[in-house]
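One structure below.
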Amino acid sequence: MGCPSIDEETNNGYYFGYYLIDGFGARSTDMFRQNLLKHHLAQGQRAFGAWLFLPGADTAEILGTLGYDALIIDHEHTAGDVQSAISQLRAIRSGGTSTVLARVPACDALVIKPLLDAGVEGLLLPTIESAAQARRLADAAWYPPHGTRGAHYTVSRAAGWGSQSSPYRASARRELLLIGMIESARGVAALPEILDENVLDMIFVGPLDLAESHGYGAGMNHRVVQAAISEVERQVLARGILLGGALRPGETAADAFARGYSFVTVGCDSAFLRQGAEPAARLAADAVHQGKPASGSPQAQ
């Protein structure tokens with residue numbers, strides 16, 4: 001099939017490459033693509049993801065080959081920047097089809113715009129505690145008239161350095177996934193007004209910070225914390241909003257899905273590395289110590 005103009009429209013949407021699949025191009029080099037995570041969740045499918053706390057591209061590339069529905073670049077707690085995020089985006093896309101999200105430190109347009117222009121496909125706002133915060137996130141993420149995001153799609157990486165400017169501008173809001181994280185007692189109390197704002201695609205439960213905010217440290221399974229989580233789950237599911245969350249100790253993805261979660265994170269790159277390296281080091285250390293000569297023996301002298 002010949003290559004049509006990038007601006008040519010069809011009944012199904014825009015051409016993104018040489019041919020269409022559900023309105024989106026099949027060419028793997030296209031930087032703007034359908035948000036597979038958002039698409040699958042909208043169809044009622046369940047999904048799982050992992051966090052990227054290490055800012056390097058190598059670990060991102062490895063996880064990108066493993067079939068995660070989403071990988072979340074963390075910019076709340078880590079030293080990552082926009083340039084490291086671009087390296088991670090390239091690495092993940094080279095290895096698979098994981099949707100790439102980013103957790104931002106605040107609903108600040110100065111932080112959000114560069115990440116979106118780099119090609120991030122969704123945003124997580126931590127510790128959301130008001131409807132105003134949800135609205136500020138949407139304002140920074142959406143183009144006018146729905147928001148105030150500045151226009152850069154004629155040359156941005158997210159729009160294929162401008163080669164996909166028309167489909168990007170037409171579909172950016174529809175393809176972007178906006179997620180608010182409930183991580184405090186204040187967030188739980190403000191949840192009705194946050195949901196009333198109707199700008200978030202998903203509410204994501206952060207159990208560790210939620211436990212801290214209630215005064216129980218890392219006690220994510222404390223009954224008070226569990227009651228708060230159950231209240232969030234009840235309200236979100238009653239509104240028909242997507243429910244996501246990080247797994248608690250002893251909890252499985254199947255447990256969360258059975259309670260109505262659509263998306264769960266099952267771990268992070270740094271923990272995966274430690275979990276693999278620690279037992280290997282312990283086993284080797286045990287072998288070394290078992291093979292040591294006894295103190296005072298001729299071999300030890």
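Ligands are numbered from 1 in the order shown, residues from 1 within each chain, and chains are lettered A, B, ... in the order they appear in the structure tokens.
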
Name the residues of range 48-226 of chain A that fall into strand (DSSP E) according to DSSP on the backbone, using the chain letters and numbers of this document, as a PyMOL selection string. chain A and resi 48-52+70-74+99-103+122-125+177-182+202-205

Write out as a PyMOL selection string all residues of range 65-282 of chain A that backbone DSSP assigns to alpha helix (DSSP H). chain A and resi 82-95+109-118+131-141+165-175+185-197+207-213+223-239+253-258+269-282

Need the shell around Glu121 in chain A: protein/DNA/RNA residues with any atom at most 7 Å away, counting only C-alpha atoms. Skip same-chain ones fewer than 2 positions apart. Format as a list in words? Asn35, Thr99, Val100, Leu101, Gly119, Leu176 and Leu177 of chain A

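The nearest approach to Ala70 in chain A among the residues A:Ala172, A:Ala151, A:Ala284, A:Val264, with only C-alpha atoms taken into account, belongs to A:Val264.
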
So that I can check the surroundings of range 78-86 of chain A, please list as a ChimeraX atom specification every protein, DNA and RNA residue that reaches within 12 Å of it, counting only C-alpha atoms and ignoring chain neighbours fewer than 2 positions away. /A:31,51-58,60,71-76,88-93,100-105,110-121,157-158,270

I need the residues from that last selection saved to file as a tab-separated table (two decimals), in the first residue's frame (with N, CA and C atoms), if you can.
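File written: out_20.tsv
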chain	number	residue	atom	x	y	z
A	31	MET	N	6.12	7.58	16.50
A	31	MET	CA	6.27	7.91	17.91
A	31	MET	C	4.93	8.10	18.60
A	51	TRP	N	7.04	-0.06	38.31
A	51	TRP	CA	7.64	1.26	38.48
A	51	TRP	C	9.10	1.25	38.03
A	52	LEU	N	9.53	2.37	37.48
A	52	LEU	CA	10.93	2.56	37.12
A	52	LEU	C	11.51	3.63	38.05
A	53	PHE	N	12.26	3.18	39.06
A	53	PHE	CA	12.92	4.10	39.99
A	53	PHE	C	14.38	4.33	39.62
A	54	LEU	N	14.93	3.48	38.79
A	54	LEU	CA	16.29	3.66	38.30
A	54	LEU	C	16.22	4.44	36.99
A	55	PRO	N	16.90	5.57	36.87
A	55	PRO	CA	16.72	6.42	35.69
A	55	PRO	C	17.42	5.94	34.42
A	56	GLY	N	18.14	4.83	34.49
A	56	GLY	CA	18.85	4.35	33.31
A	56	GLY	C	17.95	3.66	32.31
A	57	ALA	N	18.42	3.62	31.06
A	57	ALA	CA	17.65	3.02	29.98
A	57	ALA	C	17.74	1.49	29.96
A	58	ASP	N	18.83	0.93	30.50
A	58	ASP	CA	19.02	-0.51	30.38
A	58	ASP	C	17.95	-1.30	31.14
A	60	ALA	N	15.05	-0.23	32.00
A	60	ALA	CA	13.78	0.04	31.32
A	60	ALA	C	13.62	-0.86	30.11
A	71	LEU	N	4.73	0.73	32.06
A	71	LEU	CA	5.89	1.00	32.89
A	71	LEU	C	5.82	2.47	33.28
A	72	ILE	N	6.04	2.74	34.57
A	72	ILE	CA	5.85	4.08	35.12
A	72	ILE	C	7.19	4.68	35.48
A	73	ILE	N	7.58	5.71	34.78
A	73	ILE	CA	8.80	6.45	35.09
A	73	ILE	C	8.51	7.35	36.29
A	74	ASP	N	9.29	7.18	37.36
A	74	ASP	CA	9.02	7.96	38.56
A	74	ASP	C	9.89	9.21	38.61
A	75	HIS	N	9.22	10.38	38.69
A	75	HIS	CA	9.92	11.64	38.85
A	75	HIS	C	9.52	12.33	40.16
A	76	GLU	N	8.91	11.56	41.07
A	76	GLU	CA	8.59	12.11	42.38
A	76	GLU	C	9.73	11.87	43.36
A	88	GLN	N	14.64	6.35	28.38
A	88	GLN	CA	13.81	5.23	28.82
A	88	GLN	C	12.68	4.96	27.83
A	89	LEU	N	12.07	6.00	27.31
A	89	LEU	CA	11.02	5.83	26.30
A	89	LEU	C	11.55	5.07	25.09
A	90	ARG	N	12.71	5.48	24.60
A	90	ARG	CA	13.29	4.81	23.44
A	90	ARG	C	13.60	3.35	23.75
A	91	ALA	N	14.14	3.09	24.93
A	91	ALA	CA	14.50	1.73	25.30
A	91	ALA	C	13.28	0.83	25.42
A	92	ILE	N	12.23	1.34	26.05
A	92	ILE	CA	11.01	0.55	26.23
A	92	ILE	C	10.37	0.24	24.89
A	93	ARG	N	10.29	1.24	24.03
A	93	ARG	CA	9.65	1.04	22.73
A	93	ARG	C	10.45	0.08	21.85
A	100	VAL	N	3.92	3.87	28.32
A	100	VAL	CA	4.87	4.54	29.22
A	100	VAL	C	4.17	5.70	29.92
A	101	LEU	N	4.10	5.60	31.23
A	101	LEU	CA	3.51	6.64	32.06
A	101	LEU	C	4.60	7.32	32.87
A	102	ALA	N	4.27	8.46	33.46
A	102	ALA	CA	5.22	9.15	34.34
A	102	ALA	C	4.49	9.66	35.57
A	103	ARG	N	5.11	9.46	36.73
A	103	ARG	CA	4.59	10.09	37.94
A	103	ARG	C	5.33	11.41	38.13
A	104	VAL	N	4.56	12.49	38.17
A	104	VAL	CA	5.14	13.81	38.29
A	104	VAL	C	5.13	14.24	39.75
A	105	PRO	N	6.02	15.15	40.15
A	105	PRO	CA	6.06	15.55	41.56
A	105	PRO	C	4.93	16.49	41.97
A	110	LEU	N	5.21	23.42	34.17
A	110	LEU	CA	6.63	23.46	33.84
A	110	LEU	C	7.25	22.06	33.89
A	111	VAL	N	6.67	21.19	34.70
A	111	VAL	CA	7.13	19.80	34.80
A	111	VAL	C	6.42	18.93	33.76
A	112	ILE	N	5.13	19.16	33.60
A	112	ILE	CA	4.29	18.28	32.79
A	112	ILE	C	4.53	18.46	31.29
A	113	LYS	N	4.64	19.69	30.83
A	113	LYS	CA	4.76	19.94	29.38
A	113	LYS	C	5.95	19.22	28.75
A	114	PRO	N	7.16	19.33	29.32
A	114	PRO	CA	8.29	18.65	28.67
A	114	PRO	C	8.13	17.12	28.60
A	115	LEU	N	7.52	16.54	29.63
A	115	LEU	CA	7.32	15.09	29.62
A	115	LEU	C	6.32	14.68	28.55
A	116	LEU	N	5.25	15.43	28.41
A	116	LEU	CA	4.27	15.12	27.38
A	116	LEU	C	4.85	15.34	25.99
A	117	ASP	N	5.60	16.41	25.81
A	117	ASP	CA	6.22	16.67	24.51
A	117	ASP	C	7.29	15.64	24.19
A	118	ALA	N	7.83	14.99	25.22
A	118	ALA	CA	8.82	13.92	25.00
A	118	ALA	C	8.15	12.62	24.55
A	119	GLY	N	6.86	12.45	24.86
A	119	GLY	CA	6.15	11.26	24.40
A	119	GLY	C	5.55	10.39	25.49
A	120	VAL	N	5.56	10.86	26.74
A	120	VAL	CA	4.92	10.11	27.81
A	120	VAL	C	3.42	10.00	27.51
A	121	GLU	N	2.85	8.84	27.79
A	121	GLU	CA	1.47	8.54	27.38
A	121	GLU	C	0.43	8.65	28.50
A	157	ARG	N	8.88	15.72	19.88
A	157	ARG	CA	9.18	14.29	19.76
A	157	ARG	C	7.90	13.47	19.86
A	158	ALA	N	6.99	13.86	20.74
A	158	ALA	CA	5.74	13.12	20.91
A	158	ALA	C	4.96	13.02	19.62
A	270	SER	N	14.18	-1.50	40.95
A	270	SER	CA	15.20	-1.63	41.99
A	270	SER	C	14.93	-2.82	42.90

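Considering only C-alpha atoms, the residue among A:Leu243, A:Ala170, A:Ala258, A:Val225 positioned nearest to Ile203 in chain A is A:Leu243.
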
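Proximity of A:Ile62, A:Leu37, A:Ala218, A:Ala47 to Asp269 in chain A, computed with only C-alpha atoms, is greatest for A:Ile62.
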
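The protein and nucleic acid residues lying at most 12 Å from Asp196 in chain A are Ser130, Ala131, Ala132, Ala134, Arg135, Ala190, Gln235, Val236, Arg239 and Ile241 of chain A, with only C-alpha atoms considered and sequence neighbours fewer than 6 positions away removed.
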
What would the file look like if the residues just selected were written as a JSON list (two decimals), in the first residue's frame with N, CA and C atoms?
[["chain", "number", "residue", "atom", "x", "y", "z"],
["A", 130, "SER", "N", -7.54, 17.38, 46.48],
["A", 130, "SER", "CA", -8.60, 18.34, 46.20],
["A", 130, "SER", "C", -9.00, 18.27, 44.74],
["A", 131, "ALA", "N", -10.21, 18.74, 44.47],
["A", 131, "ALA", "CA", -10.67, 18.83, 43.09],
["A", 131, "ALA", "C", -9.84, 19.84, 42.31],
["A", 132, "ALA", "N", -9.35, 20.89, 42.99],
["A", 132, "ALA", "CA", -8.53, 21.89, 42.32],
["A", 132, "ALA", "C", -7.24, 21.30, 41.78],
["A", 134, "ALA", "N", -6.83, 18.18, 40.78],
["A", 134, "ALA", "CA", -7.21, 17.40, 39.62],
["A", 134, "ALA", "C", -7.40, 18.29, 38.41],
["A", 135, "ARG", "N", -8.05, 19.43, 38.60],
["A", 135, "ARG", "CA", -8.29, 20.36, 37.50],
["A", 135, "ARG", "C", -6.98, 20.96, 36.99],
["A", 190, "ALA", "N", -11.47, 13.91, 50.55],
["A", 190, "ALA", "CA", -11.78, 14.78, 49.41],
["A", 190, "ALA", "C", -12.20, 14.01, 48.17],
["A", 235, "GLN", "N", -16.10, 3.97, 46.69],
["A", 235, "GLN", "CA", -16.53, 5.19, 46.00],
["A", 235, "GLN", "C", -16.15, 5.18, 44.52],
["A", 236, "VAL", "N", -14.95, 4.74, 44.23],
["A", 236, "VAL", "CA", -14.48, 4.76, 42.84],
["A", 236, "VAL", "C", -15.30, 3.80, 41.99],
["A", 239, "ARG", "N", -18.75, 4.99, 41.11],
["A", 239, "ARG", "CA", -18.80, 6.04, 40.09],
["A", 239, "ARG", "C", -18.46, 5.51, 38.69],
["A", 241, "ILE", "N", -15.47, 4.71, 37.70],
["A", 241, "ILE", "CA", -14.13, 5.16, 37.32],
["A", 241, "ILE", "C", -13.16, 3.99, 37.44]]

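When CA of Phe272 in chain A is paired with CA of Tyr68 in chain A, their separation reads 13.7 Å.
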
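Within 8 Å of range 230-233 of chain A, once only C-alpha atoms are used and residues closer than 3 positions along the same chain are dropped, the contacting residues are Val188, Leu191, Val205, Gln226, Ala227, Val236, Leu237, Leu243 and Gly260 of chain A.
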
Just the residues within 6 Å of Ala211 in chain A, please, counting only C-alpha atoms, with nothing from its chain fewer than 4 positions along; format it as JSON, numbers by chain. {"A": [216, 217, 219, 220, 225]}

Selection file, N, CA and C atoms, as a PDB file, in the first residue's frame:
ATOM      1  N   TYR A 216       0.517   4.844  60.883  1.00  0.00           N
ATOM      2  CA  TYR A 216       0.864   3.442  61.085  1.00  0.00           C
ATOM      3  C   TYR A 216       2.144   3.042  60.348  1.00  0.00           C
ATOM      4  N   GLY A 217       2.958   4.016  59.961  1.00  0.00           N
ATOM      5  CA  GLY A 217       4.225   3.703  59.309  1.00  0.00           C
ATOM      6  C   GLY A 217       4.020   2.873  58.062  1.00  0.00           C
ATOM      7  N   GLY A 219       2.642   0.029  58.038  1.00  0.00           N
ATOM      8  CA  GLY A 219       1.583  -0.942  58.336  1.00  0.00           C
ATOM      9  C   GLY A 219       0.421  -0.868  57.363  1.00  0.00           C
ATOM     10  N   MET A 220       0.676  -1.270  56.138  1.00  0.00           N
ATOM     11  CA  MET A 220      -0.343  -1.173  55.091  1.00  0.00           C
ATOM     12  C   MET A 220      -1.528  -2.100  55.317  1.00  0.00           C
ATOM     13  N   VAL A 225      -6.077   1.288  58.010  1.00  0.00           N
ATOM     14  CA  VAL A 225      -5.623   1.538  56.641  1.00  0.00           C
ATOM     15  C   VAL A 225      -6.473   0.745  55.659  1.00  0.00           C
TER      16      VAL A 225
END

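Compared by their closest atoms to Leu63 in chain A, and using only C-alpha atoms, the residues A:Ala141, A:Leu208, A:Gly187, A:Gly267 rank with A:Gly267 nearest.
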